[in-house]
Amino acid sequence: WAYAARQDTAVIVDEHFYKKPQWFLDNIDRFDTYPRGGATVFIGEYAAHPPTAGIGKPKDTAPNTFASALAEAAFLTGVERNADVVEMTSYAPLFNRAGTRNWDHNLIDFNPDTVTPTANYEVQRLFAGHLGTRIVPVEVTTAADGVFASSTATDTVQFVKLVNTTDTEVATSVHLPRSTGAEAAATVLAADADAANTLTFDGRPNVAIIPVETAFPIQDRTLTLTLPPRSVIVLTIAL
């Protein structure tokens with residue numbers, strides 16, 4: 001960063017994070033205080049799991065659990081809120097042939113017959129598929145710690161991401177001053193912390209984490225909902 005600050009031309013600093021889920025939860029606000037007007041950030045590799053390369057290396061964390069995906073989702077709300085300084089992100093590693101052990105934690109598992117998106121993939125898909133062209137401040141009211149939010153919008157639609165990292169339901173309201181519709185479409189991911197989508201080399205997918213489509217009413221430009229324990233919710237609101 002010291003080198004990047006001395007450059008006259010635009011510089012993007014490549015940061016890599018292979019850390020345990022708790023690190024991602026502790027660093028949701030990491031980019032809030034990054035300097036503006038100079039170098040920006042490319043998160044070129046990241047995953048909520050310590051490095052696992054190497055046959056026979058002891059593991060103290062199961063790969064691709066919903067707990068890891070939830071931590072990544074919470075972290076991504078901070079990334080999205082700071083999209084003026086975080087230019088890009090890239091999850092890693094991407095593919096894993098089921099049955100290998102070079103890297104235990106990957107985005108997509110495959111065998112000769114099929115592929116299985118992990119819980120982490122489902123989070124990536126939700127965030128990447130619901131992205132506006134500008135950051136929008138979002139007013140979220142909740143009495144609980146451990147709930148995180150971000151929002152972006154286009155001229156016609158607003159996306160709100162809500163992440164409940166707690167083990168309990170959380171009553172929440174979202175103020176939507178520019179909403180024009182009577183309800184918001186929603187996609188919900190929720191599961192036990194140790195749940196995972198898994199695949200063996202010669203088997204069929206065991207899918208425990210599936211996105212659920214639903215909708216929530218908007219009254220007086222406020223959406224009130226109860227966040228399930230350990231959940232990621234993406235709202236789509238017409239403007």
# chains A, B, ... in the order shown; residues from 1 in each chain; ligands from 1
$ residues_around --residues "region 88-100 of chain A" --least-positions-apart "3" --cutoff "6 Å" --atoms "only C-alpha atoms" --output "VMD selection string"
chain A and resid 42 to 46 106 to 111 200 to 201
$ select_by_dssp --residues "region 34-238 of chain A" --states "alpha helix (DSSP H)" --output "list of chain:residue names"
A:Phe66, A:Ala67, A:Ser68, A:Ala69, A:Leu70, A:Ala71, A:Glu72, A:Ala73, A:Ala74, A:Phe75, A:Leu76, A:Thr77, A:Gly78, A:Val79, A:Glu80, A:Arg81, A:Ala119, A:Asn120, A:Tyr121, A:Glu122, A:Val123, A:Gln124, A:Arg125, A:Leu126, A:Phe127, A:Ala128, A:Gly129
$ write_last_selection --atoms "N, CA and C atoms" --output "CSV table (one decimal), in the first residue's frame"
chain,number,residue,atom,x,y,z
A,66,PHE,N,-22.2,-24.4,5.7
A,66,PHE,CA,-23.0,-23.2,5.6
A,66,PHE,C,-22.4,-22.1,6.5
A,67,ALA,N,-21.8,-22.5,7.6
A,67,ALA,CA,-21.2,-21.5,8.4
A,67,ALA,C,-20.1,-20.7,7.7
A,68,SER,N,-19.3,-21.3,6.8
A,68,SER,CA,-18.3,-20.6,6.0
A,68,SER,C,-19.0,-19.7,5.0
A,69,ALA,N,-20.1,-20.2,4.3
A,69,ALA,CA,-20.8,-19.4,3.4
A,69,ALA,C,-21.4,-18.2,4.0
A,70,LEU,N,-22.0,-18.4,5.2
A,70,LEU,CA,-22.6,-17.3,5.9
A,70,LEU,C,-21.6,-16.2,6.3
A,71,ALA,N,-20.4,-16.6,6.7
A,71,ALA,CA,-19.3,-15.6,7.0
A,71,ALA,C,-18.9,-14.9,5.8
A,72,GLU,N,-18.8,-15.6,4.7
A,72,GLU,CA,-18.5,-14.9,3.4
A,72,GLU,C,-19.6,-13.9,3.0
A,73,ALA,N,-20.8,-14.3,3.2
A,73,ALA,CA,-21.9,-13.4,2.8
A,73,ALA,C,-21.9,-12.1,3.7
A,74,ALA,N,-21.6,-12.3,5.0
A,74,ALA,CA,-21.5,-11.1,5.8
A,74,ALA,C,-20.4,-10.2,5.4
A,75,PHE,N,-19.3,-10.8,5.1
A,75,PHE,CA,-18.1,-10.0,4.6
A,75,PHE,C,-18.4,-9.3,3.3
A,76,LEU,N,-19.1,-10.0,2.4
A,76,LEU,CA,-19.5,-9.3,1.2
A,76,LEU,C,-20.4,-8.1,1.3
A,77,THR,N,-21.2,-8.0,2.4
A,77,THR,CA,-22.0,-6.8,2.6
A,77,THR,C,-21.0,-5.6,2.8
A,78,GLY,N,-19.9,-5.9,3.5
A,78,GLY,CA,-18.9,-4.8,3.7
A,78,GLY,C,-18.2,-4.5,2.4
A,79,VAL,N,-17.9,-5.5,1.6
A,79,VAL,CA,-17.3,-5.3,0.3
A,79,VAL,C,-18.2,-4.4,-0.6
A,80,GLU,N,-19.5,-4.8,-0.6
A,80,GLU,CA,-20.4,-4.1,-1.4
A,80,GLU,C,-20.7,-2.7,-1.0
A,81,ARG,N,-20.7,-2.4,0.3
A,81,ARG,CA,-20.9,-1.1,0.8
A,81,ARG,C,-19.7,-0.2,0.4
A,119,ALA,N,-22.5,-24.5,-0.8
A,119,ALA,CA,-23.2,-23.4,-0.1
A,119,ALA,C,-22.5,-22.1,-0.5
A,120,ASN,N,-21.2,-22.1,-0.6
A,120,ASN,CA,-20.4,-20.9,-0.9
A,120,ASN,C,-20.8,-20.4,-2.3
A,121,TYR,N,-21.0,-21.3,-3.2
A,121,TYR,CA,-21.4,-20.9,-4.6
A,121,TYR,C,-22.8,-20.3,-4.6
A,122,GLU,N,-23.7,-20.8,-3.8
A,122,GLU,CA,-25.0,-20.2,-3.7
A,122,GLU,C,-25.0,-18.8,-3.2
A,123,VAL,N,-24.1,-18.5,-2.3
A,123,VAL,CA,-23.9,-17.1,-1.8
A,123,VAL,C,-23.3,-16.2,-2.9
A,124,GLN,N,-22.3,-16.7,-3.6
A,124,GLN,CA,-21.7,-16.0,-4.7
A,124,GLN,C,-22.8,-15.7,-5.8
A,125,ARG,N,-23.6,-16.7,-6.1
A,125,ARG,CA,-24.6,-16.5,-7.1
A,125,ARG,C,-25.6,-15.4,-6.7
A,126,LEU,N,-26.0,-15.4,-5.5
A,126,LEU,CA,-27.0,-14.4,-5.0
A,126,LEU,C,-26.4,-13.0,-5.1
A,127,PHE,N,-25.2,-12.9,-4.6
A,127,PHE,CA,-24.6,-11.5,-4.6
A,127,PHE,C,-24.3,-11.0,-6.0
A,128,ALA,N,-23.7,-11.9,-6.9
A,128,ALA,CA,-23.4,-11.5,-8.2
A,128,ALA,C,-24.6,-11.3,-9.1
A,129,GLY,N,-25.7,-12.0,-8.9
A,129,GLY,CA,-26.9,-11.9,-9.7
A,129,GLY,C,-27.8,-10.8,-9.3
$ residues_around --residues "Glu169 (chain A)" --least-positions-apart "5" --cutoff "9 Å" --atoms "only C-alpha atoms" --output "MDAnalysis selection string"
chainID A and resid 164 226:230
$ atom_distance --atom1 "CA of Asn82 (chain A)" --atom2 "CA of Lys161 (chain A)"
14.1 Å
$ closest_residue --among "A:Asp194, A:Asp29, A:Thr114, A:Leu223" --to "Val160 (chain A)" --atoms "only C-alpha atoms"
A:Leu223
$ closest_residue --among "A:Leu176, A:Ala48, A:Ala62, A:Val85" --to "Thr198 (chain A)" --atoms "only C-alpha atoms"
A:Ala62
$ residues_around --residues "Ala186 (chain A)" --least-positions-apart "5" --cutoff "8 Å" --atoms "only C-alpha atoms" --output "PyMOL selection string"
chain A and resi 213-216+233-236
$ write_last_selection --atoms "C-alpha atoms" --output "PDB file, in the first residue's frame"
ATOM      1  CA  GLU A 213     -38.023 -17.975  -3.547  1.00  0.00           C
ATOM      2  CA  THR A 214     -40.657 -15.969  -1.683  1.00  0.00           C
ATOM      3  CA  ALA A 215     -41.998 -12.412  -1.291  1.00  0.00           C
ATOM      4  CA  PHE A 216     -42.580  -9.937   1.523  1.00  0.00           C
ATOM      5  CA  ILE A 233     -31.802 -12.953   2.152  1.00  0.00           C
ATOM      6  CA  VAL A 234     -31.704 -10.930  -1.050  1.00  0.00           C
ATOM      7  CA  LEU A 235     -34.616  -8.556  -1.665  1.00  0.00           C
ATOM      8  CA  THR A 236     -35.546  -7.148  -5.073  1.00  0.00           C
TER       9      THR A 236
END
$ atom_distance --atom1 "CA of Ile237 (chain A)" --atom2 "CA of Val136 (chain A)"
12.6 Å
$ atom_distance --atom1 "CA of Ser150 (chain A)" --atom2 "CA of Ala47 (chain A)"
19.7 Å
$ select_by_dssp --residues "region 83-191 of chain A" --states "strand (DSSP E)" --output "JSON, numbers by chain"
{"A": [86, 87, 88, 89, 95, 96, 97, 108, 109, 110, 115, 116, 117, 134, 135, 139, 140, 141, 142, 147, 148, 149, 150, 151, 152, 153, 157, 158, 159, 160, 161, 162, 163, 164, 170, 171, 172, 173, 174, 175, 183, 184, 185, 186, 187, 188, 189, 190]}
$ closest_residue --among "A:Arg101, A:Thr40, A:Tyr3, A:Thr165" --to "Phe24 (chain A)" --atoms "only C-alpha atoms"
A:Thr165
$ closest_residue --among "A:Arg221, A:Arg178, A:His130, A:Arg204" --to "Pro112 (chain A)" --atoms "only C-alpha atoms"
A:Arg204
$ residues_around --residues "Ala143 (chain A)" --least-positions-apart "2" --cutoff "10 Å" --atoms "only C-alpha atoms" --output "list in words"
Thr141, Asp145, Gly146, Val147, Val170, Ala171 and Thr172 of chain A
